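Student: Input target.txt, format and content: compact mmCIF, N, CA and C atoms.
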# COMPACT_ATOMS: atom_id res chain seq x y z
N MET A 1151 -4.07 26.99 7.52
CA MET A 1151 -3.30 26.29 6.51
C MET A 1151 -4.22 25.93 5.35
N ARG A 1152 -3.86 26.34 4.19
CA ARG A 1152 -4.68 26.11 3.01
C ARG A 1152 -4.23 24.84 2.30
N LEU A 1153 -5.17 23.96 2.00
CA LEU A 1153 -4.83 22.73 1.29
C LEU A 1153 -4.75 23.00 -0.20
N GLU A 1154 -3.69 22.55 -0.79
CA GLU A 1154 -3.57 22.67 -2.23
C GLU A 1154 -4.28 21.52 -2.90
N ARG A 1155 -4.49 21.62 -4.19
CA ARG A 1155 -5.23 20.61 -4.94
C ARG A 1155 -4.59 19.23 -4.80
N ARG A 1156 -3.29 19.14 -4.83
CA ARG A 1156 -2.62 17.84 -4.77
C ARG A 1156 -2.73 17.20 -3.38
N ASP A 1157 -3.04 18.00 -2.34
CA ASP A 1157 -3.16 17.46 -1.00
C ASP A 1157 -4.43 16.66 -0.79
N TRP A 1158 -5.51 16.96 -1.52
CA TRP A 1158 -6.76 16.26 -1.29
C TRP A 1158 -7.12 15.30 -2.41
N LEU A 1159 -6.26 15.17 -3.40
CA LEU A 1159 -6.51 14.21 -4.47
C LEU A 1159 -6.13 12.81 -4.03
N MET A 1160 -6.94 11.84 -4.38
CA MET A 1160 -6.65 10.45 -4.07
C MET A 1160 -6.25 9.75 -5.36
N PHE A 1161 -5.02 9.27 -5.42
CA PHE A 1161 -4.51 8.60 -6.61
C PHE A 1161 -4.62 9.49 -7.85
N GLY A 1162 -4.51 10.78 -7.67
CA GLY A 1162 -4.59 11.69 -8.79
C GLY A 1162 -6.01 11.91 -9.28
N LEU A 1163 -7.00 11.46 -8.52
CA LEU A 1163 -8.40 11.61 -8.91
C LEU A 1163 -9.09 12.60 -7.98
N GLY A 1164 -9.86 13.46 -8.56
CA GLY A 1164 -10.64 14.40 -7.77
C GLY A 1164 -12.00 13.82 -7.43
N PRO A 1165 -12.81 14.58 -6.72
CA PRO A 1165 -14.12 14.09 -6.32
C PRO A 1165 -15.04 13.79 -7.50
N THR A 1166 -14.95 14.57 -8.55
CA THR A 1166 -15.80 14.33 -9.73
C THR A 1166 -15.47 12.99 -10.38
N GLU A 1167 -14.19 12.71 -10.52
CA GLU A 1167 -13.79 11.44 -11.13
C GLU A 1167 -14.21 10.25 -10.27
N LEU A 1168 -14.07 10.39 -8.94
CA LEU A 1168 -14.47 9.31 -8.05
C LEU A 1168 -15.97 9.03 -8.13
N ILE A 1169 -16.77 10.08 -8.24
CA ILE A 1169 -18.23 9.90 -8.37
C ILE A 1169 -18.56 9.19 -9.67
N ILE A 1170 -17.88 9.57 -10.74
CA ILE A 1170 -18.12 8.91 -12.04
C ILE A 1170 -17.75 7.43 -11.96
N ILE A 1171 -16.63 7.11 -11.33
CA ILE A 1171 -16.21 5.71 -11.19
C ILE A 1171 -17.24 4.93 -10.36
N LEU A 1172 -17.73 5.52 -9.28
CA LEU A 1172 -18.74 4.84 -8.46
C LEU A 1172 -20.03 4.61 -9.22
N ILE A 1173 -20.45 5.57 -10.04
CA ILE A 1173 -21.66 5.39 -10.84
C ILE A 1173 -21.48 4.27 -11.86
N ILE A 1174 -20.32 4.23 -12.51
CA ILE A 1174 -20.04 3.16 -13.48
C ILE A 1174 -20.04 1.81 -12.78
N ALA A 1175 -19.42 1.73 -11.61
CA ALA A 1175 -19.41 0.47 -10.85
C ALA A 1175 -20.82 0.06 -10.47
N LEU A 1176 -21.64 1.01 -10.10
CA LEU A 1176 -23.02 0.72 -9.74
C LEU A 1176 -23.80 0.17 -10.94
N VAL A 1177 -23.57 0.74 -12.11
CA VAL A 1177 -24.24 0.28 -13.32
C VAL A 1177 -23.76 -1.12 -13.71
N ILE A 1178 -22.46 -1.36 -13.61
CA ILE A 1178 -21.90 -2.65 -14.02
C ILE A 1178 -22.31 -3.76 -13.06
N PHE A 1179 -22.14 -3.55 -11.77
CA PHE A 1179 -22.36 -4.62 -10.80
C PHE A 1179 -23.78 -4.63 -10.22
N GLY A 1180 -24.46 -3.54 -10.26
CA GLY A 1180 -25.81 -3.47 -9.70
C GLY A 1180 -25.76 -3.21 -8.21
N PRO A 1181 -26.86 -2.71 -7.68
CA PRO A 1181 -26.87 -2.35 -6.25
C PRO A 1181 -26.78 -3.55 -5.32
N SER A 1182 -27.19 -4.72 -5.77
CA SER A 1182 -27.16 -5.88 -4.87
C SER A 1182 -25.76 -6.47 -4.74
N ARG A 1183 -24.94 -6.40 -5.80
CA ARG A 1183 -23.61 -6.99 -5.75
C ARG A 1183 -22.52 -6.01 -5.35
N LEU A 1184 -22.83 -4.73 -5.38
CA LEU A 1184 -21.81 -3.72 -5.09
C LEU A 1184 -21.19 -3.86 -3.70
N PRO A 1185 -21.96 -4.14 -2.63
CA PRO A 1185 -21.33 -4.33 -1.32
C PRO A 1185 -20.38 -5.53 -1.29
N LYS A 1186 -20.74 -6.61 -1.98
CA LYS A 1186 -19.85 -7.78 -2.01
C LYS A 1186 -18.56 -7.47 -2.76
N VAL A 1187 -18.68 -6.72 -3.85
CA VAL A 1187 -17.49 -6.33 -4.61
C VAL A 1187 -16.60 -5.43 -3.75
N GLY A 1188 -17.21 -4.49 -3.05
CA GLY A 1188 -16.44 -3.62 -2.17
C GLY A 1188 -15.73 -4.37 -1.06
N GLN A 1189 -16.43 -5.36 -0.51
CA GLN A 1189 -15.84 -6.18 0.55
C GLN A 1189 -14.66 -6.98 0.00
N SER A 1190 -14.81 -7.53 -1.19
CA SER A 1190 -13.72 -8.31 -1.80
C SER A 1190 -12.51 -7.43 -2.09
N VAL A 1191 -12.75 -6.24 -2.59
CA VAL A 1191 -11.65 -5.32 -2.85
C VAL A 1191 -10.96 -4.93 -1.56
N GLY A 1192 -11.73 -4.68 -0.52
CA GLY A 1192 -11.15 -4.34 0.79
C GLY A 1192 -10.30 -5.46 1.35
N GLN A 1193 -10.78 -6.70 1.24
CA GLN A 1193 -10.01 -7.84 1.73
C GLN A 1193 -8.73 -8.02 0.92
N ALA A 1194 -8.80 -7.80 -0.39
CA ALA A 1194 -7.60 -7.93 -1.22
C ALA A 1194 -6.58 -6.86 -0.85
N LEU A 1195 -7.04 -5.63 -0.62
CA LEU A 1195 -6.12 -4.56 -0.23
C LEU A 1195 -5.49 -4.83 1.12
N LYS A 1196 -6.27 -5.38 2.06
CA LYS A 1196 -5.73 -5.72 3.38
C LYS A 1196 -4.67 -6.81 3.28
N ALA A 1197 -4.94 -7.83 2.46
CA ALA A 1197 -3.97 -8.91 2.28
C ALA A 1197 -2.69 -8.37 1.63
N PHE A 1198 -2.84 -7.49 0.66
CA PHE A 1198 -1.67 -6.89 0.01
C PHE A 1198 -0.87 -6.06 1.01
N ARG A 1199 -1.56 -5.27 1.82
CA ARG A 1199 -0.87 -4.45 2.82
C ARG A 1199 -0.14 -5.32 3.84
N ASP A 1200 -0.79 -6.40 4.29
CA ASP A 1200 -0.16 -7.30 5.24
C ASP A 1200 1.09 -7.93 4.66
N SER A 1201 1.02 -8.36 3.40
CA SER A 1201 2.19 -9.00 2.80
C SER A 1201 3.32 -8.01 2.59
N THR A 1202 3.01 -6.77 2.20
CA THR A 1202 4.08 -5.79 2.04
C THR A 1202 4.68 -5.41 3.39
N ASP A 1203 3.87 -5.39 4.44
CA ASP A 1203 4.40 -5.13 5.78
C ASP A 1203 5.37 -6.23 6.19
N LYS A 1204 5.03 -7.49 5.90
CA LYS A 1204 5.92 -8.61 6.24
C LYS A 1204 7.24 -8.49 5.48
N VAL A 1205 7.17 -8.13 4.21
CA VAL A 1205 8.39 -7.99 3.41
C VAL A 1205 9.24 -6.87 3.98
N GLN A 1206 8.62 -5.75 4.33
CA GLN A 1206 9.37 -4.64 4.89
C GLN A 1206 10.02 -5.04 6.21
N GLU A 1207 9.32 -5.80 7.04
CA GLU A 1207 9.89 -6.25 8.31
C GLU A 1207 11.09 -7.16 8.07
N GLU A 1208 10.98 -8.08 7.11
CA GLU A 1208 12.08 -8.99 6.81
C GLU A 1208 13.30 -8.23 6.28
N VAL A 1209 13.06 -7.27 5.42
CA VAL A 1209 14.17 -6.47 4.88
C VAL A 1209 14.82 -5.68 5.98
N GLN A 1210 14.02 -5.06 6.84
CA GLN A 1210 14.57 -4.28 7.95
C GLN A 1210 15.35 -5.18 8.91
N LYS A 1211 14.83 -6.38 9.15
CA LYS A 1211 15.52 -7.32 10.03
C LYS A 1211 16.87 -7.72 9.43
N SER A 1212 16.90 -7.96 8.13
CA SER A 1212 18.15 -8.31 7.46
C SER A 1212 19.15 -7.16 7.52
N ILE A 1213 18.67 -5.95 7.33
CA ILE A 1213 19.56 -4.78 7.40
C ILE A 1213 20.10 -4.62 8.81
N ASP A 1214 19.24 -4.79 9.81
CA ASP A 1214 19.68 -4.67 11.20
C ASP A 1214 20.70 -5.73 11.55
N GLN A 1215 20.51 -6.96 11.07
CA GLN A 1215 21.46 -8.03 11.33
C GLN A 1215 22.78 -7.76 10.64
N ALA A 1216 22.74 -7.24 9.42
CA ALA A 1216 23.97 -6.93 8.70
C ALA A 1216 24.73 -5.80 9.39
N ASP A 1217 24.01 -4.83 9.95
CA ASP A 1217 24.67 -3.74 10.65
C ASP A 1217 25.24 -4.20 11.99
N ALA A 1218 24.63 -5.18 12.60
CA ALA A 1218 25.07 -5.66 13.91
C ALA A 1218 26.35 -6.49 13.81
N LYS A 1219 26.57 -7.14 12.68
CA LYS A 1219 27.77 -7.97 12.52
C LYS A 1219 28.98 -7.07 12.31
N PRO A 1220 30.02 -7.29 13.13
CA PRO A 1220 31.23 -6.48 12.94
C PRO A 1220 31.97 -6.96 11.70
N GLU A 1221 32.26 -6.04 10.82
CA GLU A 1221 33.00 -6.40 9.61
C GLU A 1221 34.46 -6.01 9.81
N SER A 1222 35.33 -6.94 9.52
CA SER A 1222 36.74 -6.63 9.65
C SER A 1222 37.24 -6.17 8.28
N SER A 1223 37.75 -4.97 8.24
CA SER A 1223 38.23 -4.40 6.97
C SER A 1223 39.67 -4.80 6.69
N THR A 1224 40.38 -5.26 7.74
CA THR A 1224 41.76 -5.69 7.54
C THR A 1224 41.84 -7.19 7.68
N PRO A 1225 42.69 -7.83 6.89
CA PRO A 1225 42.82 -9.28 7.01
C PRO A 1225 43.47 -9.64 8.34
N PRO A 1226 43.18 -10.84 8.85
CA PRO A 1226 43.80 -11.21 10.14
C PRO A 1226 45.31 -11.33 10.02
N LYS A 1227 46.00 -10.89 11.07
CA LYS A 1227 47.47 -10.93 11.08
C LYS A 1227 47.92 -12.31 11.53
N GLU A 1228 48.98 -12.76 10.90
CA GLU A 1228 49.52 -14.09 11.26
C GLU A 1228 50.78 -13.98 12.01
Would you give me this structure, written as structure tokens?
Tutor:
Amino acid sequence: MRLERRDWLMFGLGPTELIIILIIALVIFGPSRLPKVGQSVGQALKAFRDSTDKVQEEVQKSIDQADAKPESSTPPKE
């Protein structure tokens, strides 16, 4: 199976662009602060992922509850 270009691109960036971004980050933050910056970015991404997972669970729970409730399409007879 041959991988196409779009299959290995990350966020639309190829390996050359990623290397350039890493070099710029290294110049801006310096080698001593770069690990701390990376750790902070990783923690922020984890927190974002956790919060989106919670939202998805709540939405799915609401959908499941709405599907479980029997809806009467006809008015009650008197």
Student: Just give me the gap between CA of Pro1185 (chain A) and atom C of Lys1204 (chain A) in Å, one decimal is fine.
Tutor: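 Computing it gives 29.7 Å between the two atoms.
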Student: Quick one: pull the distance between atom N of Val1177 (chain A) and atom N of Leu1195 (chain A), Å, one decimal.
Tutor: 21.1 Å
Student: Using CA of Thr1202 (chain A) and CA of Val1187 (chain A) as the two end points, give the distance in Å to one decimal.
Tutor: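 CA of Thr1202 (chain A) sits 22.6 Å away from CA of Val1187 (chain A).
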